[in-house]
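Engineer: Below you'll find entry-v5.pdb; it's PDB, C-alpha atoms.
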```pdb
ATOM      1  CA  MET A  19     -12.845  15.430 -10.353
ATOM      2  CA  GLU A  20     -11.960  13.239 -13.315
ATOM      3  CA  VAL A  21      -9.579  10.304 -12.946
ATOM      4  CA  THR A  22      -7.263   9.584 -15.875
ATOM      5  CA  THR A  23      -5.567   6.217 -16.422
ATOM      6  CA  TRP A  24      -2.540   5.063 -18.336
ATOM      7  CA  ASP A  25      -0.318   2.006 -18.634
ATOM      8  CA  LEU A  26       3.218   1.788 -17.277
ATOM      9  CA  THR A  27       5.512  -0.887 -18.656
ATOM     10  CA  SER A  28       7.525  -1.905 -15.618
ATOM     11  CA  PHE A  29      11.149  -3.050 -15.446
ATOM     12  CA  ASP A  30      10.344  -6.546 -16.753
ATOM     13  CA  GLY A  31       7.633  -5.735 -19.270
ATOM     14  CA  VAL A  32       4.632  -6.290 -16.990
ATOM     15  CA  LYS A  33       2.005  -3.602 -17.555
ATOM     16  CA  LEU A  34       0.699  -1.697 -14.549
ATOM     17  CA  LYS A  35      -2.397   0.511 -14.592
ATOM     18  CA  ILE A  36      -1.766   4.002 -13.203
ATOM     19  CA  HIS A  37      -4.631   6.265 -12.075
ATOM     20  CA  GLU A  38      -4.170  10.034 -11.723
ATOM     21  CA  MET A  39      -6.204  12.909 -10.388
ATOM     22  CA  GLY A  40      -5.409  16.621 -10.039
ATOM     23  CA  GLU A  41      -2.418  18.837 -10.782
ATOM     24  CA  GLY A  42       0.414  20.272  -8.706
ATOM     25  CA  GLN A  43       2.864  18.710  -6.253
ATOM     26  CA  ALA A  44       2.975  14.972  -6.962
ATOM     27  CA  VAL A  45       2.027  12.429  -4.299
ATOM     28  CA  ILE A  46       2.245   8.703  -5.035
ATOM     29  CA  LEU A  47      -0.275   6.536  -3.143
ATOM     30  CA  LEU A  48       0.274   2.771  -2.814
ATOM     31  CA  HIS A  49      -2.763   0.679  -1.848
ATOM     32  CA  GLY A  50      -3.046  -2.307   0.481
ATOM     33  CA  LEU A  51      -2.987  -6.062  -0.081
ATOM     34  CA  PHE A  52      -5.866  -7.445  -2.209
ATOM     35  CA  SER A  53      -7.122  -3.893  -2.764
ATOM     36  CA  ASN A  54      -6.570  -1.401  -5.616
ATOM     37  CA  ALA A  55      -6.383   2.339  -6.234
ATOM     38  CA  GLU A  56     -10.150   2.678  -6.653
ATOM     39  CA  THR A  57     -11.037   0.906  -3.398
ATOM     40  CA  ASN A  58      -8.252   2.336  -1.244
ATOM     41  CA  TRP A  59      -7.941   5.914  -2.448
ATOM     42  CA  ILE A  60     -10.693   6.967  -4.863
ATOM     43  CA  LYS A  61     -13.954   5.406  -3.640
ATOM     44  CA  PHE A  62     -13.959   7.066  -0.209
ATOM     45  CA  GLY A  63     -12.702  10.461  -1.354
ATOM     46  CA  HIS A  64      -9.083  10.552  -0.154
ATOM     47  CA  ALA A  65      -7.682  11.180  -3.631
ATOM     48  CA  THR A  66     -10.265  13.915  -4.239
ATOM     49  CA  THR A  67      -9.353  15.573  -0.925
ATOM     50  CA  LEU A  68      -5.711  15.778  -2.002
ATOM     51  CA  ALA A  69      -6.442  16.735  -5.614
ATOM     52  CA  ASN A  70      -8.806  19.540  -4.605
ATOM     53  CA  ALA A  71      -6.035  20.938  -2.404
ATOM     54  CA  GLY A  72      -3.613  21.217  -5.332
ATOM     55  CA  TYR A  73      -1.896  17.821  -5.502
ATOM     56  CA  ARG A  74      -1.245  15.576  -8.477
ATOM     57  CA  VAL A  75      -2.335  12.226  -7.032
ATOM     58  CA  ILE A  76      -0.669   9.223  -8.702
ATOM     59  CA  MET A  77      -2.129   5.825  -7.790
ATOM     60  CA  PRO A  78      -0.823   2.600  -9.314
ATOM     61  CA  ASP A  79      -2.705  -0.656  -9.164
ATOM     62  CA  LEU A  80       0.032  -2.890  -7.767
ATOM     63  CA  ARG A  81       1.183  -5.934  -9.709
ATOM     64  CA  ALA A  82      -1.444  -8.722  -9.492
ATOM     65  CA  HIS A  83      -4.046  -6.208  -8.264
ATOM     66  CA  GLY A  84      -6.806  -4.139  -9.833
ATOM     67  CA  GLU A  85      -6.391  -3.501 -13.566
ATOM     68  CA  SER A  86      -2.666  -4.282 -13.592
ATOM     69  CA  GLU A  87      -1.365  -7.484 -15.115
ATOM     70  CA  ALA A  88      -1.249 -10.583 -12.922
ATOM     71  CA  PRO A  89       1.123 -13.021 -14.607
ATOM     72  CA  HIS A  90       1.101 -16.648 -13.452
ATOM     73  CA  ASP A  91       4.776 -17.281 -14.198
ATOM     74  CA  ALA A  92       6.787 -17.351 -10.960
ATOM     75  CA  SER A  93       9.651 -15.546 -12.721
ATOM     76  CA  ALA A  94       7.489 -12.398 -12.731
ATOM     77  CA  TYR A  95       7.754 -12.253  -8.931
ATOM     78  CA  PRO A  96      11.362 -11.687  -7.820
ATOM     79  CA  GLN A  97      12.000 -10.651  -4.227
ATOM     80  CA  ASP A  98      10.662  -7.174  -3.420
ATOM     81  CA  VAL A  99       9.100  -6.894  -6.874
ATOM     82  CA  LEU A 100       6.770  -4.111  -5.678
ATOM     83  CA  ILE A 101       9.814  -2.012  -4.785
ATOM     84  CA  LYS A 102      11.117  -2.510  -8.320
ATOM     85  CA  ASP A 103       7.726  -1.535  -9.773
ATOM     86  CA  ALA A 104       7.539   1.643  -7.665
ATOM     87  CA  LEU A 105      11.054   2.647  -8.664
ATOM     88  CA  ALA A 106      10.117   2.062 -12.308
ATOM     89  CA  LEU A 107       7.144   4.419 -11.869
ATOM     90  CA  ILE A 108       9.249   7.114 -10.207
ATOM     91  CA  ASP A 109      11.889   6.798 -12.914
ATOM     92  CA  HIS A 110       9.333   6.927 -15.721
ATOM     93  CA  LEU A 111       7.711  10.089 -14.367
ATOM     94  CA  ASP A 112      11.108  11.715 -13.738
ATOM     95  CA  LEU A 113       9.631  13.587 -10.787
ATOM     96  CA  GLN A 114      11.821  16.306  -9.290
ATOM     97  CA  SER A 115       9.625  16.775  -6.239
ATOM     98  CA  TYR A 116       7.074  14.351  -4.808
ATOM     99  CA  ASP A 117       5.645  12.826  -1.644
ATOM    100  CA  LEU A 118       5.045   9.124  -1.025
ATOM    101  CA  ALA A 119       2.334   7.311   0.925
ATOM    102  CA  GLY A 120       0.989   3.806   1.359
ATOM    103  CA  PHE A 121      -1.603   1.833   3.287
ATOM    104  CA  SER A 122      -0.793  -1.567   4.870
ATOM    105  CA  LEU A 123       1.104  -3.464   2.138
ATOM    106  CA  GLY A 124       1.556  -0.073   0.471
ATOM    107  CA  ALA A 125       3.052   1.216   3.723
ATOM    108  CA  ARG A 126       5.457  -1.751   3.870
ATOM    109  CA  THR A 127       6.480  -0.914   0.311
ATOM    110  CA  THR A 128       6.818   2.784   1.141
ATOM    111  CA  ALA A 129       9.014   2.071   4.163
ATOM    112  CA  LYS A 130      11.335  -0.105   2.080
ATOM    113  CA  LEU A 131      11.462   2.581  -0.614
ATOM    114  CA  LEU A 132      12.546   5.130   1.993
ATOM    115  CA  THR A 133      15.772   3.156   2.422
ATOM    116  CA  ALA A 134      16.409   3.164  -1.352
ATOM    117  CA  ASP A 135      18.170   5.877  -3.326
ATOM    118  CA  ILE A 136      15.146   8.180  -3.613
ATOM    119  CA  ALA A 137      14.287  11.435  -1.891
ATOM    120  CA  PRO A 138      10.566  12.124  -1.381
ATOM    121  CA  GLY A 139       9.722  15.300   0.486
ATOM    122  CA  LYS A 140       7.436  13.571   2.984
ATOM    123  CA  ALA A 141       6.111  10.058   3.550
ATOM    124  CA  ILE A 142       2.997   8.525   5.088
ATOM    125  CA  LEU A 143       2.790   4.993   6.506
ATOM    126  CA  ALA A 144      -0.919   4.266   6.998
ATOM    127  CA  GLY A 145      -2.351   1.154   8.620
ATOM    128  CA  MET A 146       1.112   0.159   9.801
ATOM    129  CA  GLY A 147       2.858  -0.519  13.105
ATOM    130  CA  LEU A 148       6.367  -1.524  14.057
ATOM    131  CA  GLU A 149       5.738  -5.266  14.018
ATOM    132  CA  GLY A 150       4.153  -5.082  10.566
ATOM    133  CA  LEU A 151       7.484  -4.308   8.953
ATOM    134  CA  ALA A 152       9.100  -7.524  10.180
ATOM    135  CA  GLY A 153       7.925 -11.061  10.888
ATOM    136  CA  TRP A 154       6.269 -11.365   7.492
ATOM    137  CA  ASP A 155       6.380 -15.179   7.558
ATOM    138  CA  ARG A 156       3.404 -15.320   9.927
ATOM    139  CA  ARG A 157       1.301 -12.904   7.887
ATOM    140  CA  GLN A 158       2.295 -14.602   4.635
ATOM    141  CA  GLY A 159       1.180 -17.945   6.052
ATOM    142  CA  PHE A 160      -2.193 -16.507   7.049
ATOM    143  CA  PHE A 161      -2.913 -15.125   3.561
ATOM    144  CA  LEU A 162      -1.634 -18.213   1.756
ATOM    145  CA  LYS A 163      -3.977 -20.262   3.948
ATOM    146  CA  ALA A 164      -6.826 -17.899   3.046
ATOM    147  CA  ILE A 165      -6.143 -18.587  -0.626
ATOM    148  CA  GLU A 166      -6.118 -22.327   0.062
ATOM    149  CA  LEU A 167      -9.450 -22.113   1.925
ATOM    150  CA  ARG A 168     -11.047 -19.726  -0.566
ATOM    151  CA  ASP A 169     -13.918 -22.060  -1.460
ATOM    152  CA  THR A 170     -14.304 -23.969   1.804
ATOM    153  CA  ALA A 171     -14.008 -21.491   4.713
ATOM    154  CA  LYS A 172     -17.166 -20.789   6.687
ATOM    155  CA  ARG A 173     -18.450 -17.558   8.190
ATOM    156  CA  GLY A 174     -16.838 -16.866  11.564
ATOM    157  CA  GLU A 175     -13.616 -18.742  10.803
ATOM    158  CA  PRO A 176     -10.332 -16.764  11.036
ATOM    159  CA  HIS A 177      -9.783 -16.457   7.267
ATOM    160  CA  TRP A 178     -13.390 -15.656   6.338
ATOM    161  CA  MET A 179     -13.089 -11.859   6.115
ATOM    162  CA  ALA A 180      -9.841 -11.942   4.118
ATOM    163  CA  ILE A 181     -11.417 -14.409   1.689
ATOM    164  CA  GLN A 182     -14.521 -12.264   1.220
ATOM    165  CA  PHE A 183     -12.359  -9.209   0.526
ATOM    166  CA  MET A 184     -10.291 -11.177  -2.006
ATOM    167  CA  LYS A 185     -13.465 -12.275  -3.757
ATOM    168  CA  SER A 186     -14.935  -8.764  -3.782
ATOM    169  CA  GLN A 187     -11.769  -7.443  -5.431
ATOM    170  CA  LYS A 188     -11.636 -10.328  -7.961
ATOM    171  CA  ILE A 189      -8.090 -11.255  -6.931
ATOM    172  CA  ASP A 190      -6.244 -13.756  -9.116
ATOM    173  CA  THR A 191      -5.173 -16.208  -6.412
ATOM    174  CA  VAL A 192      -2.411 -17.851  -8.471
ATOM    175  CA  ALA A 193      -0.712 -14.493  -9.008
ATOM    176  CA  ALA A 194      -1.416 -13.412  -5.423
ATOM    177  CA  ALA A 195       0.252 -16.538  -4.016
ATOM    178  CA  HIS A 196       3.382 -15.778  -6.034
ATOM    179  CA  LEU A 197       3.347 -12.136  -4.896
ATOM    180  CA  LEU A 198       2.957 -12.976  -1.215
ATOM    181  CA  LYS A 199       6.280 -14.825  -1.307
ATOM    182  CA  THR A 200       8.211 -11.789  -2.579
ATOM    183  CA  PHE A 201       8.011  -9.581   0.528
ATOM    184  CA  SER A 202      11.111  -9.282   2.687
ATOM    185  CA  ASP A 203      11.267  -8.114   6.296
ATOM    186  CA  MET A 204      12.493  -4.726   7.450
ATOM    187  CA  GLU A 205      14.438  -4.762  10.700
ATOM    188  CA  PRO A 206      14.441  -1.915  13.283
ATOM    189  CA  GLU A 207      18.006  -0.979  12.362
ATOM    190  CA  ALA A 208      16.868  -0.147   8.823
ATOM    191  CA  ILE A 209      13.890   1.871  10.072
ATOM    192  CA  GLU A 210      16.246   4.020  12.118
ATOM    193  CA  THR A 211      18.067   5.077   8.924
ATOM    194  CA  ILE A 212      14.954   6.725   7.415
ATOM    195  CA  THR A 213      15.441  10.476   7.572
ATOM    196  CA  THR A 214      12.326  11.488   5.599
ATOM    197  CA  ARG A 215       9.687  13.276   7.664
ATOM    198  CA  THR A 216       7.109  10.511   8.091
ATOM    199  CA  LEU A 217       3.532  10.334   9.359
ATOM    200  CA  VAL A 218       2.375   7.038  10.886
ATOM    201  CA  LEU A 219      -1.398   7.182  10.371
ATOM    202  CA  CYS A 220      -3.415   4.373  11.892
ATOM    203  CA  GLY A 221      -6.961   3.587  12.971
ATOM    204  CA  SER A 222      -7.489   3.987  16.708
ATOM    205  CA  ASP A 223      -8.635   0.351  16.857
ATOM    206  CA  ASP A 224      -6.131  -0.957  14.312
ATOM    207  CA  ARG A 225      -3.276  -3.104  15.572
ATOM    208  CA  ASP A 226      -3.281  -5.593  12.693
ATOM    209  CA  ASN A 227       0.278  -4.568  11.846
ATOM    210  CA  GLY A 228       1.493  -3.888  15.367
ATOM    211  CA  ASP A 229       2.106  -0.704  17.345
ATOM    212  CA  PRO A 230       1.991   2.537  15.304
ATOM    213  CA  VAL A 231       3.274   4.643  18.204
ATOM    214  CA  ALA A 232       6.374   2.458  18.550
ATOM    215  CA  LEU A 233       6.993   2.797  14.805
ATOM    216  CA  ALA A 234       6.701   6.591  14.930
ATOM    217  CA  GLU A 235       9.063   6.722  17.896
ATOM    218  CA  LEU A 236      11.679   4.601  16.114
ATOM    219  CA  LEU A 237      11.633   6.774  13.000
ATOM    220  CA  PRO A 238      14.122   9.671  13.300
ATOM    221  CA  ASP A 239      11.441  12.151  12.112
ATOM    222  CA  GLY A 240       8.300  10.142  12.787
ATOM    223  CA  HIS A 241       4.897  11.474  13.864
ATOM    224  CA  HIS A 242       1.854   9.433  14.900
ATOM    225  CA  VAL A 243      -1.791  10.385  14.343
ATOM    226  CA  ALA A 244      -4.807   8.181  15.061
ATOM    227  CA  VAL A 245      -7.963   8.262  12.955
ATOM    228  CA  PRO A 246     -11.250   6.487  13.713
ATOM    229  CA  GLY A 247     -11.660   2.835  12.853
ATOM    230  CA  THR A 248     -10.136  -0.593  12.517
ATOM    231  CA  HIS A 249      -7.703  -1.752   9.844
ATOM    232  CA  MET A 250     -10.543  -2.334   7.394
ATOM    233  CA  SER A 251     -12.804   0.570   8.343
ATOM    234  CA  SER A 252     -10.247   3.374   8.757
ATOM    235  CA  VAL A 253      -9.836   3.718   4.982
ATOM    236  CA  THR A 254     -13.577   4.406   4.668
ATOM    237  CA  LYS A 255     -13.430   7.427   6.985
ATOM    238  CA  PRO A 256     -12.907  10.989   5.702
ATOM    239  CA  GLU A 257     -10.431  11.598   8.504
ATOM    240  CA  MET A 258      -7.895   9.421   6.672
ATOM    241  CA  GLY A 259      -7.666  11.808   3.734
ATOM    242  CA  GLN A 260      -7.981  14.880   5.946
ATOM    243  CA  GLU A 261      -5.010  13.889   8.107
ATOM    244  CA  MET A 262      -2.944  12.999   5.041
ATOM    245  CA  LEU A 263      -3.607  16.469   3.655
ATOM    246  CA  ARG A 264      -2.884  18.174   6.976
ATOM    247  CA  PHE A 265       0.519  16.467   7.148
ATOM    248  CA  LEU A 266       1.454  17.138   3.534
ATOM    249  CA  ASN A 267       0.494  20.798   3.866
ATOM    250  CA  ALA A 268       2.363  21.366   7.139
TER     251      ALA A 268
END
```
What is this file in structure tokens?
Structural biologist:
Amino acid sequence: MEVTTWDLTSFDGVKLKIHEMGEGQAVILLHGLFSNAETNWIKFGHATTLANAGYRVIMPDLRAHGESEAPHDASAYPQDVLIKDALALIDHLDLQSYDLAGFSLGARTTAKLLTADIAPGKAILAGMGLEGLAGWDRRQGFFLKAIELRDTAKRGEPHWMAIQFMKSQKIDTVAAAHLLKTFSDMEPEAIETITTRTLVLCGSDDRDNGDPVALAELLPDGHHVAVPGTHMSSVTKPEMGQEMLRFLNA
């Protein structure tokens, strides 16, 4: 199925590339850190699975990722800028009915959006556990160190895999460093206010962002499903898209 692309001018003039596939009920998919719509949702067939089932799949490349702009000016990265970008997309599309999903960083963004003044029908937090929504300082430090060691880290060292993924995705490290400092934590009390029916979808061997079962249990209408794989490999498995579709269709 053909993917169409268009540019969204966000709240501050930064241009974001939006990828779409299919027609029908809208579902917005937010990709993970250092990834993009193609790698996270299109390449391994998840977007096609949803589009073939009658969904309009809307996939932005997040700011400083993919084909979206990656400004170097620190003023382009206010706190929770990805929340502002997502709200700009929702406002621009003027959607009356839609679902919302994200993987890893996209799941963090989705969870924060669920506490904003929006009303998606359903939500999916993929590659996310309870601890991944708070304690960002530690994770931020790890990725900032990966950027610092980009040209010197050796195979087998803790930051090696993150660096290789950054390089494969052609990440602008100046922009990425600014972006990493914009994420704010989400405390358990805020999670308990989310009333949207939410699927916590995580690889069976993925605990990079903490405990997915604990997150599902804290959500008022949360449901946990495990799919095969680790944090990195689960997005390559067809079960990811299949379980997303099963939940959205239920």
Engineer: Tell me which protein, DNA and RNA residues are within 8 Å of region 205-218 of chain A, counting all atoms listed in the file, leaving out same-chain ones fewer than 6 positions away, and put them as a list in words.
Structural biologist: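 Here the qualifying residues turn out to be Ala129, Leu132, Thr133, Ala137, Pro138, Gly139, Lys140, Ala141, Ile142, Leu143, Ala144, Gly145, Met146, Gly147, Leu151, Ala152, Pro230, Val231, Leu233, Ala234, Leu236, Leu237, Pro238, Asp239, Gly240, His241, His242, Val243 and Phe265 of chain A.
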Engineer: Go through A:Asp190, A:Glu235, A:Glu20, A:Asp155 and flag the residue nearest Arg168 (chain A), using only C-alpha atoms for the distances.
Structural biologist: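 Among the listed residues, the smallest separation from Arg168 (chain A) belongs to A:Asp190.
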Engineer: Just need the box for region 78-87 of chain A, edges along x, y and z, holding every atom the file lists for it with 5 Å tacked onto each side, so centre and edge lengths in Å to one decimal, as JSON.
Structural biologist:
```
{"center_x": -2.8, "center_y": -3.1, "center_z": -11.4, "size_x": 18.0, "size_y": 21.3, "size_z": 17.3}
```
Engineer: Rounded to one decimal in Å, what is the spacing between CA of Ala92 (chain A) and CA of Gly31 (chain A)?
Structural biologist: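 One can read the CA of Ala92 (chain A) to CA of Gly31 (chain A) distance as 14.3 Å.
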Engineer: Please identify all polymer residues within 8 Å of region 53-60 of chain A, counting only C-alpha atoms, omitting same-chain residues fewer than 5 positions from it, and present them as number ranges by chain.
Structural biologist: A: 37, 47-48, 65-66, 77-80, 83-84, 184, 187, 253
Engineer: Output the selection as a PDB file, in the coordinates of the input - C-alpha atoms for each residue.
Structural biologist:
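Output below, filename selection-v9.pdb:
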```pdb
ATOM      1  CA  HIS A  37      -4.631   6.265 -12.075  1.00  0.00           C
ATOM      2  CA  LEU A  47      -0.275   6.536  -3.143  1.00  0.00           C
ATOM      3  CA  LEU A  48       0.274   2.771  -2.814  1.00  0.00           C
ATOM      4  CA  ALA A  65      -7.682  11.180  -3.631  1.00  0.00           C
ATOM      5  CA  THR A  66     -10.265  13.915  -4.239  1.00  0.00           C
ATOM      6  CA  MET A  77      -2.129   5.825  -7.790  1.00  0.00           C
ATOM      7  CA  PRO A  78      -0.823   2.600  -9.314  1.00  0.00           C
ATOM      8  CA  ASP A  79      -2.705  -0.656  -9.164  1.00  0.00           C
ATOM      9  CA  LEU A  80       0.032  -2.890  -7.767  1.00  0.00           C
ATOM     10  CA  HIS A  83      -4.046  -6.208  -8.264  1.00  0.00           C
ATOM     11  CA  GLY A  84      -6.806  -4.139  -9.833  1.00  0.00           C
ATOM     12  CA  MET A 184     -10.291 -11.177  -2.006  1.00  0.00           C
ATOM     13  CA  GLN A 187     -11.769  -7.443  -5.431  1.00  0.00           C
ATOM     14  CA  VAL A 253      -9.836   3.718   4.982  1.00  0.00           C
TER      15      VAL A 253
END
```
Engineer: From (13.1, -11.7, 4.9), in the file's coordinates, out to 8 Å: which residues are reached, counting all atoms listed in the file? Answer as a list in words.
Structural biologist: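 Residues lying no farther than 8 Å from the given point: Ala152, Gly153, Trp154, Phe201, Ser202, Asp203 and Met204 of chain A.
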Engineer: Written as a PDB file with C-alpha atoms, in the coordinates of the input, which residues does the PyMOL selection byres ((chain A and resi 98) around 6) give for the file shown?
Structural biologist:
```pdb
ATOM      1  CA  GLN A  97      12.000 -10.651  -4.227  1.00  0.00           C
ATOM      2  CA  VAL A  99       9.100  -6.894  -6.874  1.00  0.00           C
ATOM      3  CA  LEU A 100       6.770  -4.111  -5.678  1.00  0.00           C
ATOM      4  CA  ILE A 101       9.814  -2.012  -4.785  1.00  0.00           C
ATOM      5  CA  THR A 200       8.211 -11.789  -2.579  1.00  0.00           C
ATOM      6  CA  PHE A 201       8.011  -9.581   0.528  1.00  0.00           C
TER       7      PHE A 201
END
```
Engineer: Suppose a student applies the PyMOL selection byres ((chain A and resi 33) around 12) to this structure; what residues should they get, written as a list of chain:residue names?
Structural biologist: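 Checking the PyMOL selection byres ((chain A and resi 33) around 12) against this file, the residues are A:Trp24, A:Asp25, A:Leu26, A:Thr27, A:Ser28, A:Phe29, A:Asp30, A:Gly31, A:Val32, A:Leu34, A:Lys35, A:Ile36, A:Pro78, A:Asp79, A:Leu80, A:Arg81, A:Ala82, A:His83, A:Gly84, A:Glu85, A:Ser86, A:Glu87, A:Ala88, A:Pro89, A:Ala94, A:Asp103, A:Ala106, A:Leu107.
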Engineer: Could you tell me how far CA of Arg264 (chain A) lies from CA of Asp224 (chain A), in Å and to one decimal?
Structural biologist: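 Between these atoms lies a distance of 20.7 Å.
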Engineer: Taking the file as shown, what set of residues would the PyMOL selection byres ((chain A and resi 42) around 10) give back, as JSON, numbers by chain?
Structural biologist: {"A": [40, 41, 43, 44, 45, 69, 71, 72, 73, 74, 75, 116]}
Engineer: Could you jot down the CA of Met258 (chain A) to CA of Thr23 (chain A) separation for me, Å, one decimal place?
Structural biologist: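 Separating CA of Met258 (chain A) from CA of Thr23 (chain A) is a distance of 23.4 Å.
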Engineer: Residues at most 9 Å from Gln260 (chain A), counting only C-alpha atoms, excluding those fewer than 6 positions away in the same chain, as JSON, numbers by chain?
Structural biologist: {"A": [64, 67, 68]}
Engineer: Would you mind telling me which residue in A:Leu197, A:Ala244, A:Lys163, A:Leu263 lies nearest to Glu175 (chain A) when using only C-alpha atoms?
Structural biologist: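 Of A:Leu197, A:Ala244, A:Lys163, A:Leu263, the one nearest Glu175 (chain A) is A:Lys163, counting only C-alpha atoms.
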Engineer: For Thr254 (chain A), which residue among A:His110, A:Lys172, A:Lys61, A:His49 is the nearest when counting only C-alpha atoms?
Structural biologist: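 Of A:His110, A:Lys172, A:Lys61, A:His49, the one nearest Thr254 (chain A), counting only C-alpha atoms, is A:Lys61.
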Engineer: Return the single residue from A:Leu167, A:Ser122, A:Ala193, A:Asp117 that is closest to Ser93 (chain A), with distances computed using all atoms listed in the file.
Structural biologist: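 Among A:Leu167, A:Ser122, A:Ala193, A:Asp117, it is A:Ala193 that comes nearest to Ser93 (chain A).
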Engineer: Restricting the calculation to all atoms listed in the file, which member of A:Pro246, A:Gly150, A:Pro96, A:Gly50 is positioned closest to Ala119 (chain A)?
Structural biologist: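 Comparing A:Pro246, A:Gly150, A:Pro96, A:Gly50 against Ala119 (chain A), the winner is A:Gly50.
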Engineer: Pick the closest to Met19 (chain A) from A:Leu118, A:Ile108, A:Ala195, A:Met39: which is it, counting all atoms listed in the file?
Structural biologist: A:Met39
Engineer: Any idea what's packed within 10 Å of Asp91 (chain A), counting all atoms listed in the file, ignoring anything in its chain fewer than 4 positions away? Could you give it as a PyMOL selection string?
Structural biologist: chain A and resi 95+192-193+196
